[in-house]
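Okay, entry_15.cif is below, mmCIF, C-alpha atoms and all ligand atoms:
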```cif
data_input
#
loop_
_atom_site.label_atom_id
_atom_site.label_comp_id
_atom_site.auth_asym_id
_atom_site.auth_seq_id
_atom_site.Cartn_x
_atom_site.Cartn_y
_atom_site.Cartn_z
CA LYS A 1402 -0.60 62.84 7.28
CA ARG A 1403 -2.94 62.23 4.38
CA LYS A 1404 -6.60 62.15 5.31
CA ILE A 1405 -8.97 60.14 3.17
CA GLU A 1406 -12.51 61.43 3.06
CA ASN A 1407 -15.34 59.02 3.78
CA ALA A 1408 -13.15 56.59 5.69
CA PRO A 1409 -15.12 54.86 8.45
CA ASN A 1410 -14.73 56.65 11.73
CA PRO A 1411 -16.99 55.19 14.40
CA ASP A 1412 -16.40 55.48 18.13
CA GLY A 1413 -13.08 54.04 19.18
CA ALA A 1414 -11.47 54.74 15.84
CA LYS A 1415 -7.72 54.74 15.73
CA SER A 1416 -5.59 56.30 13.09
CA ILE A 1417 -3.51 54.23 10.71
CA ARG A 1418 -1.73 55.98 7.85
CA GLY A 1419 -3.96 58.99 8.25
CA LEU A 1420 -6.97 56.80 7.55
CA ASP A 1421 -9.28 56.61 10.50
CA LEU A 1422 -9.83 52.88 10.66
CA PRO A 1423 -12.16 51.46 13.28
CA THR A 1424 -10.96 48.88 15.74
CA TYR A 1425 -12.59 45.49 15.44
CA ASP A 1426 -13.00 42.52 17.72
CA GLY A 1427 -11.70 39.59 15.72
CA ALA A 1428 -11.62 37.11 18.63
CA GLY A 1429 -12.10 33.58 17.32
CA LEU A 1430 -11.15 34.41 13.73
CA ARG A 1431 -8.66 32.07 12.03
CA ILE A 1432 -6.35 34.00 9.74
CA GLY A 1433 -3.69 32.74 7.35
CA ILE A 1434 -0.83 34.80 5.98
CA VAL A 1435 1.07 33.73 2.89
CA SER A 1436 4.21 35.72 2.20
CA ALA A 1437 6.78 35.71 -0.58
CA ARG A 1438 10.48 35.45 0.27
CA TRP A 1439 11.51 37.67 -2.68
CA ASN A 1440 12.33 41.12 -1.25
CA SER A 1441 12.24 39.51 2.18
CA VAL A 1442 13.27 42.61 4.14
CA VAL A 1443 10.13 44.30 2.87
CA CYS A 1444 7.86 41.26 3.14
CA ASP A 1445 9.03 40.33 6.65
CA SER A 1446 8.24 43.83 7.84
CA LEU A 1447 4.79 43.69 6.22
CA VAL A 1448 4.08 40.32 7.86
CA ALA A 1449 5.16 41.71 11.26
CA GLY A 1450 2.84 44.70 10.76
CA ALA A 1451 -0.08 42.49 9.80
CA VAL A 1452 0.44 40.20 12.81
CA GLU A 1453 0.68 43.21 15.14
CA ALA A 1454 -2.61 44.59 13.81
CA LEU A 1455 -4.33 41.19 14.03
CA LYS A 1456 -3.27 40.80 17.65
CA SER A 1457 -4.55 44.30 18.39
CA CYS A 1458 -7.95 43.00 17.15
CA ASN A 1459 -7.76 39.97 19.51
CA VAL A 1460 -6.96 37.51 16.73
CA THR A 1461 -4.82 34.71 18.17
CA ASP A 1462 -5.14 31.96 15.54
CA ILE A 1463 -2.63 33.17 12.93
CA ILE A 1464 -0.73 30.79 10.65
CA THR A 1465 2.02 32.20 8.42
CA GLU A 1466 3.39 30.34 5.41
CA HIS A 1467 6.16 31.34 2.99
CA VAL A 1468 6.61 30.77 -0.72
CA ALA A 1469 9.44 31.69 -3.09
CA GLY A 1470 7.89 34.65 -4.91
CA SER A 1471 4.67 36.57 -5.43
CA TYR A 1472 3.80 34.38 -8.39
CA GLU A 1473 3.40 31.38 -6.05
CA ILE A 1474 1.10 33.21 -3.63
CA PRO A 1475 -2.36 32.53 -5.17
CA GLN A 1476 -1.80 28.79 -5.39
CA ALA A 1477 -0.44 28.62 -1.84
CA ALA A 1478 -3.42 30.60 -0.57
CA GLN A 1479 -5.71 28.23 -2.46
CA ALA A 1480 -4.08 25.22 -0.77
CA MET A 1481 -4.64 26.83 2.64
CA LEU A 1482 -8.25 27.72 1.84
CA LEU A 1483 -9.03 24.19 0.67
CA THR A 1484 -8.54 22.99 4.27
CA GLY A 1485 -11.62 24.99 5.28
CA HIS A 1486 -9.72 26.17 8.37
CA PHE A 1487 -9.36 29.85 7.52
CA ASP A 1488 -11.83 32.71 7.84
CA GLY A 1489 -9.54 34.92 5.79
CA ILE A 1490 -6.10 35.13 4.23
CA ILE A 1491 -3.62 37.97 3.77
CA CYS A 1492 -1.37 37.64 0.72
CA ILE A 1493 1.92 39.51 1.11
CA GLY A 1494 4.46 40.12 -1.62
CA CYS A 1495 6.54 42.84 -3.20
CA LEU A 1496 7.17 43.30 -6.90
CA ILE A 1497 9.82 45.87 -7.74
CA LYS A 1498 9.75 47.34 -11.22
CA GLY A 1499 13.06 49.06 -11.47
CA GLY A 1500 16.37 47.47 -11.16
CA THR A 1501 18.84 46.87 -8.50
CA MET A 1502 19.33 43.74 -10.63
CA HIS A 1503 22.50 43.89 -12.67
CA PHE A 1504 22.85 43.26 -16.34
CA GLU A 1505 23.67 39.56 -16.36
CA TYR A 1506 20.74 38.92 -14.13
CA ILE A 1507 18.34 40.84 -16.38
CA SER A 1508 19.62 39.21 -19.54
CA GLU A 1509 19.48 35.66 -18.28
CA GLU A 1510 17.11 35.16 -15.40
CA SER A 1511 14.43 37.67 -16.30
CA HIS A 1512 14.30 36.62 -19.92
CA PHE A 1513 13.75 33.14 -18.65
CA LEU A 1514 11.03 34.56 -16.44
CA ALA A 1515 9.48 36.46 -19.34
CA SER A 1516 9.42 33.26 -21.32
CA SER A 1517 7.74 31.41 -18.50
CA PHE A 1518 5.10 34.13 -18.07
CA CYS A 1519 4.50 34.06 -21.84
CA LEU A 1520 4.14 30.32 -21.89
CA ARG A 1521 1.79 30.41 -18.94
CA ARG A 1522 -0.30 32.94 -20.86
CA GLY A 1523 -0.18 30.80 -23.97
CA SER A 1524 1.56 33.44 -26.08
CA GLN A 1525 4.83 33.36 -27.96
CA THR A 1526 8.04 34.14 -26.19
CA ASP A 1527 9.79 37.38 -27.02
CA LEU A 1528 13.26 38.07 -25.73
CA ASN A 1529 12.96 41.85 -25.90
CA TRP A 1530 11.18 42.12 -22.59
CA THR A 1531 12.15 44.73 -20.04
CA THR A 1532 11.99 44.20 -16.30
CA GLU A 1533 9.00 46.57 -16.29
CA ASP A 1534 7.13 44.33 -18.73
CA ILE A 1535 7.87 41.35 -16.56
CA CYS A 1536 6.81 43.11 -13.38
CA GLU A 1537 3.58 44.22 -15.05
CA LEU A 1538 2.75 40.69 -16.14
CA GLY A 1539 3.63 39.30 -12.74
CA CYS A 1540 1.37 41.88 -11.05
CA GLN A 1541 -1.54 41.09 -13.35
CA ALA A 1542 -1.20 37.37 -12.81
CA VAL A 1543 -1.09 37.69 -9.03
CA THR A 1544 -3.91 40.25 -8.92
CA GLN A 1545 -6.24 38.08 -10.96
CA GLY A 1546 -5.30 34.98 -8.98
CA ILE A 1547 -6.10 36.67 -5.69
CA MET A 1548 -9.40 38.10 -6.92
CA ARG A 1549 -10.45 34.64 -8.12
CA LEU A 1550 -9.82 33.19 -4.67
CA ASN A 1551 -12.05 35.82 -3.05
CA LEU A 1552 -15.00 34.91 -5.22
CA ASP A 1553 -14.41 31.16 -5.50
CA PHE A 1554 -13.95 30.56 -1.78
CA LYS A 1555 -16.31 33.32 -0.60
CA VAL A 1556 -13.88 34.44 2.09
CA PRO A 1557 -11.72 37.57 2.19
CA VAL A 1558 -8.32 37.15 0.57
CA ILE A 1559 -6.54 40.44 1.11
CA TYR A 1560 -4.33 41.89 -1.61
CA GLY A 1561 -1.12 42.76 0.17
CA ILE A 1562 1.12 42.90 -2.87
CA LEU A 1563 3.22 46.04 -3.16
CA GLY A 1564 4.03 47.07 -6.73
CA CYS A 1565 6.90 49.51 -6.39
CA LEU A 1566 9.16 51.46 -8.70
CA ASN A 1567 12.23 50.84 -6.60
CA GLU A 1568 13.48 49.33 -3.36
CA GLU A 1569 13.37 52.63 -1.49
CA GLN A 1570 9.67 53.04 -2.23
CA ALA A 1571 9.01 49.46 -1.16
CA LYS A 1572 10.79 49.96 2.16
CA GLU A 1573 8.83 53.14 2.81
CA ARG A 1574 5.51 51.35 2.26
CA ALA A 1575 6.58 48.54 4.55
CA GLY A 1576 7.85 50.81 7.33
CA VAL A 1577 11.34 49.27 7.12
CA ASP A 1578 13.76 50.96 9.56
CA GLY A 1579 10.94 53.09 10.91
CA ALA A 1580 10.55 54.97 7.61
CA GLY A 1581 7.15 55.64 6.03
CA HIS A 1582 4.22 53.48 7.03
CA ASN A 1583 3.82 49.73 7.41
CA SER A 1584 0.96 48.78 5.06
CA GLY A 1585 0.85 45.34 6.67
CA LYS A 1586 -0.94 46.96 9.61
CA ASP A 1587 -3.72 48.14 7.31
CA TRP A 1588 -4.10 44.67 5.82
CA GLY A 1589 -4.36 43.12 9.31
CA ILE A 1590 -7.26 45.43 10.17
CA THR A 1591 -8.80 45.01 6.72
CA VAL A 1592 -8.96 41.22 6.89
CA VAL A 1593 -10.72 41.37 10.26
CA GLU A 1594 -13.21 43.94 8.98
CA SER A 1595 -13.95 41.85 5.89
CA CYS A 1596 -14.22 38.57 7.82
CA LEU A 1597 -16.75 40.10 10.22
CA LEU A 1598 -18.79 41.46 7.33
CA THR A 1599 -18.71 38.06 5.59
CA LYS A 1600 -19.82 36.28 8.75
CA LYS A 1601 -22.65 38.77 9.28
CA TYR A 1602 -24.11 38.12 5.82
CA LYS A 1603 -23.43 34.36 5.84
CA ALA A 1604 -25.55 34.19 9.00
CA LYS A 1605 -28.42 35.87 7.12
CA ALA A 1606 -28.09 33.86 3.92
C1 LIG B 1701 11.74 36.13 -10.70
C2 LIG B 1701 11.19 37.24 -9.89
C3 LIG B 1701 11.57 38.57 -10.15
C4 LIG B 1701 12.47 38.96 -11.27
N1 LIG B 1701 11.12 39.58 -9.37
C5 LIG B 1701 10.31 39.28 -8.34
C6 LIG B 1701 9.85 40.33 -7.48
O1 LIG B 1701 10.19 41.51 -7.61
N2 LIG B 1701 9.00 39.97 -6.47
C7 LIG B 1701 8.59 38.68 -6.26
O2 LIG B 1701 7.79 38.44 -5.34
N3 LIG B 1701 9.04 37.69 -7.04
C8 LIG B 1701 9.88 37.95 -8.05
N4 LIG B 1701 10.34 36.93 -8.85
C9 LIG B 1701 9.98 35.52 -8.50
C10 LIG B 1701 8.59 35.08 -9.05
O3 LIG B 1701 7.54 35.63 -8.28
C11 LIG B 1701 8.48 33.53 -8.94
O4 LIG B 1701 8.86 33.11 -7.66
C12 LIG B 1701 9.35 32.82 -9.97
O5 LIG B 1701 9.07 33.28 -11.27
C13 LIG B 1701 9.10 31.28 -9.93
O6 LIG B 1701 7.76 31.01 -10.36
#
```

Take the structure in the file and give it back as structure tokens.
Amino acid sequence: KRKIENAPNPDGAKSIRGLDLPTYDGAGLRIGIVSARWNSVVCDSLVAGAVEALKSCNVTDIITEHVAGSYEIPQAAQAMLLTGHFDGIICIGCLIKGGTMHFEYISEESHFLASSFCLRRGSQTDLNWTTEDICELGCQAVTQGIMRLNLDFKVPVIYGILGCLNEEQAKERAGVDGAGHNSGKDWGITVVESCLLTKKYKAKA
């Protein structure tokens, strides 16, 4: 197990992924989860891990929504946040760089995708994109979208987007089939920690 120095380790700490994360009482918190369906074996496992961790922190109000892919996650999270119902959101997705995609798929679908990312960024389309280029752009777009939500809505929006080199790595980070570690558990604890911190300082503001 990998130990991270300086991780919080108060009384009652329990170990997750070698990090000593504290347990939190999140009773009364209202948490949303928005998950992509792309790479659903991985994402479903991450969602299950997050829900398990939330329940272990006494969180009972958990609403899970699904969208097609990671690219749709920031806007879906925004729609949920606009209701004012949620204390925090966990965004869950999985972008895989390498390819289990076969040639036809890469040549047609992902060039279409590259074009749509280009257009969204206001640049010219270029059909010489690799899947890595596309994944990189997708990651950047989602990362920036999620960060914006954190600051605009002033509530924690947790970045649960795995960027992996291949499917095997993704499964390991999602604890699929008992392998590796389920990062969703970390994100469940993290959202509770961040919500409690936000509430503490909102009360003082
Ligand atoms: C199109 C696409 C590709 C090629 N790869 C992924 C991926 O690895 N992970 C993921 O979450 N979504 C992927 N998508 C779908 C996009 O996120 C999005 O759903 C579509 O481009 C429609 O906007």

Select, from A:His1467, A:His1582, A:Lys1600, A:Arg1574, the residue with the minimum atom-to-atom distance to Asp1488 (chain A), counting all atoms listed in the file.
-> A:Lys1600

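Closest to ligand LIG 1701 (chain B) among A:Ser1441, A:Ser1446, A:Ser1471, A:Asn1551 is A:Ser1471, based on all atoms listed in the file.
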
Which residue of A:Ala1469, A:Ala1454, A:Ile1434, A:Val1460 approaches ligand LIG 1701 (chain B) most closely, using all atoms listed in the file =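 Answer, going by the shortest atom-to-atom distance: A:Ala1469.
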
Name the residues, by chain letter and number, that sit within 6 Å of ligand LIG 1701 (chain B) using all atoms listed in the file, and give them as a VMD selection string.
-> chain A and resid 1437 1439 1469 to 1473 1494 to 1497 1511 1514

Mind pulling up the distance from CA of Thr1465 (chain A) to CA of Gly1485 (chain A)?
->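 CA of Thr1465 (chain A) lies at a distance of 15.7 Å from CA of Gly1485 (chain A).
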
For Ala1571 (chain A), work out the shell of residues within 10 Å, counting only C-alpha atoms and skipping chain neighbours fewer than 5 positions away, then give it as a ChimeraX atom specification.
-> /A:1440,1442-1444,1495-1497,1563-1566,1576-1577,1581
